[in-house]
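Have a look at final-v8.txt below; it lists compact mmCIF, C-alpha atoms.
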# COMPACT_ATOMS: atom_id res chain seq x y z
CA MET T 1 122.01 87.94 173.17
CA GLY T 2 120.63 90.48 175.67
CA GLN T 3 120.05 89.76 179.32
CA ASN T 4 116.26 90.12 179.09
CA ARG T 5 116.04 87.68 176.21
CA GLU T 6 118.31 85.24 178.03
CA MET T 7 116.03 85.40 181.08
CA PHE T 8 112.94 84.81 178.93
CA ILE T 9 114.49 81.92 176.99
CA GLU T 10 115.52 80.31 180.28
CA TYR T 11 111.92 80.61 181.45
CA LEU T 12 110.70 78.87 178.27
CA LYS T 13 113.23 76.08 178.73
CA ASN T 14 111.92 75.48 182.24
CA ALA T 15 108.27 75.69 181.17
CA PHE T 16 108.41 73.43 178.08
CA SER T 17 110.16 70.14 177.48
CA ASP T 18 111.07 71.19 173.94
CA PRO T 19 110.64 74.98 173.58
CA GLN T 20 112.38 75.41 170.22
CA GLU T 21 109.16 76.17 168.32
CA GLN T 22 108.12 78.73 170.94
CA ILE T 23 111.55 80.38 170.85
CA ILE T 24 111.39 80.73 167.06
CA LYS T 25 107.92 82.27 167.21
CA PHE T 26 108.82 84.69 170.00
CA ASP T 27 111.91 85.84 168.10
CA LEU T 28 109.73 86.49 165.06
CA PHE T 29 107.00 88.18 167.11
CA HIS T 30 109.65 90.45 168.64
CA ASP T 31 110.71 91.64 165.18
CA LEU T 32 107.16 91.90 163.83
CA LEU T 33 105.94 93.91 166.82
CA LEU T 34 108.79 96.41 166.52
CA GLU T 35 108.17 96.84 162.81
CA ALA T 36 104.38 97.21 163.22
CA ASN T 37 104.90 99.72 166.02
CA LYS T 38 106.59 102.06 163.56
CA ARG T 39 103.29 102.29 161.66
CA VAL T 40 100.74 102.08 164.50
CA ASN T 41 101.25 102.82 168.19
CA LEU T 42 100.78 99.30 169.59
CA ILE T 43 103.12 99.69 172.57
CA SER T 44 104.97 102.66 174.05
CA ARG T 45 107.65 103.80 171.62
CA GLN T 46 109.85 104.53 174.62
CA THR T 47 110.12 100.78 175.19
CA LYS T 48 113.53 99.55 174.08
CA PRO T 49 113.69 96.43 171.86
CA GLU T 50 115.48 94.50 174.61
CA GLN T 51 112.71 95.36 177.09
CA LEU T 52 110.03 93.60 175.03
CA TRP T 53 111.20 90.26 176.40
CA SER T 54 110.48 91.18 180.02
CA TYR T 55 108.00 94.09 179.93
CA HIS T 56 105.66 92.41 177.45
CA PHE T 57 106.46 88.75 176.69
CA TYR T 58 107.41 87.45 180.13
CA ASP T 59 104.74 89.68 181.69
CA SER T 60 102.06 88.27 179.38
CA LEU T 61 102.86 84.75 180.57
CA LEU T 62 102.58 85.50 184.30
CA PRO T 63 99.34 83.44 184.66
CA LEU T 64 101.33 80.33 183.73
CA SER T 65 103.53 80.83 186.81
CA CYS T 66 100.33 80.82 188.90
CA ASP T 67 99.32 77.41 187.48
CA VAL T 68 96.48 78.90 185.42
CA ASP T 69 95.45 76.17 182.97
CA PHE T 70 94.56 77.51 179.52
CA ASN T 71 94.66 74.10 177.87
CA SER T 72 91.81 73.58 175.36
CA LYS T 73 89.98 76.69 176.60
CA MET T 74 88.20 79.55 174.83
CA VAL T 75 89.89 82.82 175.83
CA MET T 76 89.24 86.46 174.95
CA ASP T 77 92.00 89.06 175.13
CA LEU T 78 90.06 92.28 175.69
CA GLY T 79 91.80 95.44 174.50
CA SER T 80 94.50 93.35 172.85
CA GLY T 81 96.37 96.27 171.25
CA GLY T 82 99.63 94.76 170.03
CA GLY T 83 98.44 91.24 170.81
CA LEU T 84 99.44 91.40 174.46
CA PRO T 85 98.92 89.18 176.35
CA GLY T 86 96.97 87.20 173.71
CA ILE T 87 99.74 86.31 171.25
CA PRO T 88 102.34 85.21 173.84
CA LEU T 89 99.65 83.09 175.52
CA ALA T 90 98.61 81.65 172.15
CA ILE T 91 102.21 80.74 171.28
CA SER T 92 102.50 78.97 174.63
CA ASN T 93 99.07 77.28 174.44
CA PRO T 94 98.54 76.02 170.88
CA SER T 95 95.45 73.97 171.82
CA THR T 96 93.67 77.06 173.16
CA LEU T 97 91.54 79.36 171.02
CA PHE T 98 92.11 83.10 171.52
CA ILE T 99 89.80 85.91 170.41
CA LEU T 100 91.83 89.13 170.28
CA MET T 101 89.44 92.05 170.56
CA ASP T 102 90.28 95.71 170.06
CA SER T 103 88.11 98.63 168.99
CA ARG T 104 90.79 100.27 166.82
CA GLU T 105 90.82 99.02 163.25
CA LYS T 106 94.44 99.98 162.57
CA LYS T 107 95.60 97.79 165.45
CA ILE T 108 93.47 94.85 164.34
CA LEU T 109 94.88 95.08 160.81
CA GLU T 110 98.41 94.90 162.21
CA LEU T 111 97.40 91.98 164.43
CA LYS T 112 96.05 90.08 161.44
CA GLN T 113 99.34 90.51 159.59
CA MET T 114 101.42 89.41 162.57
CA ILE T 115 99.21 86.38 163.25
CA LYS T 116 99.48 85.32 159.61
CA LYS T 117 103.29 85.60 159.61
CA LEU T 118 103.49 83.75 162.92
CA ASP T 119 101.27 80.99 161.49
CA LEU T 120 99.06 81.04 164.58
CA ASN T 121 95.88 79.19 163.69
CA ASN T 122 94.45 79.58 167.19
CA CYS T 123 94.14 83.42 167.13
CA TYR T 124 91.12 85.34 165.81
CA PRO T 125 91.32 89.17 165.88
CA ILE T 126 88.03 91.08 165.99
CA CYS T 127 87.57 94.83 165.67
CA LYS T 128 84.76 95.56 168.13
CA ARG T 129 83.92 97.24 171.39
CA LEU T 130 82.80 94.69 173.95
CA GLU T 131 79.22 96.00 173.96
CA GLU T 132 79.06 95.44 170.18
CA PHE T 133 80.24 91.85 170.30
CA ARG T 134 77.78 89.19 169.12
CA TRP T 135 78.22 85.43 169.38
CA SER T 136 77.20 85.08 165.73
CA GLU T 137 80.60 86.55 164.80
CA VAL T 138 82.39 83.52 166.21
CA GLU T 139 79.71 80.83 165.88
CA ASN T 140 82.07 78.83 163.66
CA LEU T 141 84.54 78.80 166.57
CA ILE T 142 82.04 78.11 169.36
CA PRO T 143 79.40 75.81 167.85
CA GLU T 144 77.50 75.38 171.11
CA ASN T 145 77.76 79.07 172.08
CA ASP T 146 78.11 78.30 175.77
CA GLY T 147 80.42 81.19 176.62
CA LEU T 148 84.06 81.94 177.27
CA ASP T 149 86.28 80.13 179.75
CA VAL T 150 88.57 83.09 180.44
CA ILE T 151 88.84 86.80 179.64
CA VAL T 152 92.31 88.32 180.00
CA CYS T 153 92.76 92.08 180.18
CA ARG T 154 96.08 93.84 180.48
CA SER T 155 95.66 97.48 179.55
CA VAL T 156 92.00 98.48 179.89
CA LYS T 157 90.54 100.48 182.75
CA ILE T 158 87.76 98.41 184.30
CA THR T 159 84.44 100.03 185.18
CA PRO T 160 81.50 98.34 186.94
CA LYS T 161 79.55 98.46 183.66
CA LEU T 162 82.39 96.85 181.71
CA LEU T 163 82.85 94.16 184.37
CA ARG T 164 79.16 93.25 184.13
CA LYS T 165 79.44 92.90 180.33
CA MET T 166 82.53 90.73 180.70
CA ARG T 167 80.79 88.43 183.17
CA VAL T 168 77.83 87.96 180.82
CA LEU T 169 80.14 86.41 178.21
CA LEU T 170 81.62 83.85 180.61
CA LYS T 171 80.58 80.30 181.27
CA ASP T 172 79.33 79.72 184.80
CA ALA T 173 82.76 78.41 185.79
CA GLY T 174 84.56 81.11 183.80
CA TYR T 175 86.71 83.90 185.17
CA ILE T 176 88.54 87.13 184.35
CA LEU T 177 92.28 87.71 184.72
CA LEU T 178 93.39 91.32 185.19
CA TYR T 179 97.04 92.35 184.91
CA LYS T 180 97.86 95.22 187.24
CA GLY T 181 100.91 97.00 188.63
CA ARG T 182 101.76 98.25 192.10
CA GLU T 183 98.77 100.60 192.26
CA ILE T 184 95.33 99.25 191.42
CA GLU T 185 93.36 102.28 190.30
CA GLU T 186 90.08 100.36 190.46
CA SER T 187 90.44 99.48 194.15
CA TRP T 188 86.75 98.51 194.28
CA LEU T 189 87.69 95.36 192.32
CA LEU T 190 89.48 93.93 195.33
CA LYS T 191 86.27 93.06 197.14
CA ASP T 192 85.46 90.45 194.46
CA ALA T 193 88.96 89.53 193.31
CA GLU T 194 91.39 86.81 194.30
CA ILE T 195 95.02 87.94 194.17
CA LEU T 196 96.85 85.19 192.28
CA LEU T 197 100.17 87.01 192.20
CA LYS T 198 101.66 90.09 193.80
CA GLU T 199 105.42 90.37 193.60
CA GLU T 200 108.30 92.48 192.43
CA LYS T 201 109.63 91.62 189.00
CA PRO T 202 112.71 93.08 187.29
CA TRP T 203 110.34 95.28 185.30
CA GLY T 204 108.25 96.42 188.28
CA GLU T 205 105.72 95.17 190.81
CA ARG T 206 103.04 93.05 189.19
CA THR T 207 99.63 92.01 190.47
CA LEU T 208 97.39 89.43 188.85
CA LEU T 209 93.71 89.44 189.86
CA LYS T 210 91.18 86.69 189.25
CA ILE T 211 87.46 87.50 189.25
CA ASN T 212 84.93 84.68 188.90
CA LYS T 213 81.72 85.02 186.94
CA ILE T 214 79.75 84.05 190.02
Produce structure tokens that represent the structure in this file.
Amino acid sequence: MGQNREMFIEYLKNAFSDPQEQIIKFDLFHDLLLEANKRVNLISRQTKPEQLWSYHFYDSLLPLSCDVDFNSKMVMDLGSGGGLPGIPLAISNPSTLFILMDSREKKILELKQMIKKLDLNNCYPICKRLEEFRWSEVENLIPENDGLDVIVCRSVKITPKLLRKMRVLLKDAGYILLYKGREIEESWLLKDAEILLKEEKPWGERTLLKINKI
């Protein structure tokens, strides 16, 4: 067992009283993601299999270390790509509903296959650009159509126009979580953002920004 996986499994053991189900699903997701990445470029192909545990799985769960509560929420993973951070968060929060949105059909098709094999009934992949999204597409998931609790975004460049569109989809008490590295290219975000986390991890410096709807 590699060092990165050992570190991640230890994290799961500390985070959950009985993490065996999560461990099984993450092992399967690891294999599925590597296999899917041979067909469609979901993550960098320079990433080594052992690095998935830290670079992508542990990294996706960083909000949990900041006491972000996803329990029984409605969450959108914008620009989900290979299901990151959406799938790791969904594995860790089975009572939370996740909409995984990406504009590339090939990626969404791979996501659908992985979600089916992982038996994740709280994940719903949608092939759309954010400006094309309509509530009618998920009205069976959100009967009252009162908006999203959280939008997570890990790999999309944020523009003022995109941020406005994201805020429109949120409930009044909703917020956006942005995963960033050492350098925040969109420095203008900092005037509205709360820095939940900024620290050096084994895979690099990570910053987690929270932006409220209001």
Please provide as a PyMOL selection string all residues within 7 Å of range 78-90 of chain T, with the sequence filter that same-chain residues fewer than 3 positions apart are discarded (counting all atoms listed in the file). chain T and resi 42-43+56-57+60-61+93-94+96+98+100-102+107+111+122-123+151-156
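The coordinates place CA of Cys66 in chain T at 13.8 Å from CA of Tyr11 in chain T.
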Tell me, in Å to one decimal, how far CA of Thr159 in chain T is from CA of Ser65 in chain T. 27.1 Å
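Here CA of Lys128 in chain T is placed at a distance of 13.6 Å from CA of Lys165 in chain T.
Compared by their closest atoms to Ile195 in chain T, and using all atoms listed in the file, the residues T:Arg182, T:Lys210, T:Ala173, T:Met74 rank with T:Lys210 nearest.
Of the residues under consideration (T:Lys157, T:Arg206, T:Arg45, T:Trp135), T:Arg206 shows the shortest atom-to-atom contact distance to Tyr58 in chain T when counting only C-alpha atoms.
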So which residues touch Leu196 in chain T within 12 Å, counting only C-alpha atoms, skipping near sequence neighbours fewer than 3 positions away, as an MDAnalysis selection string? chainID T and resid 62:68 176:180 190 193 199 206:211
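Nearest residue to Asn4 in chain T, choosing from T:Leu148, T:Pro202, T:Ile184, T:Ile23 and counting only C-alpha atoms: T:Pro202.
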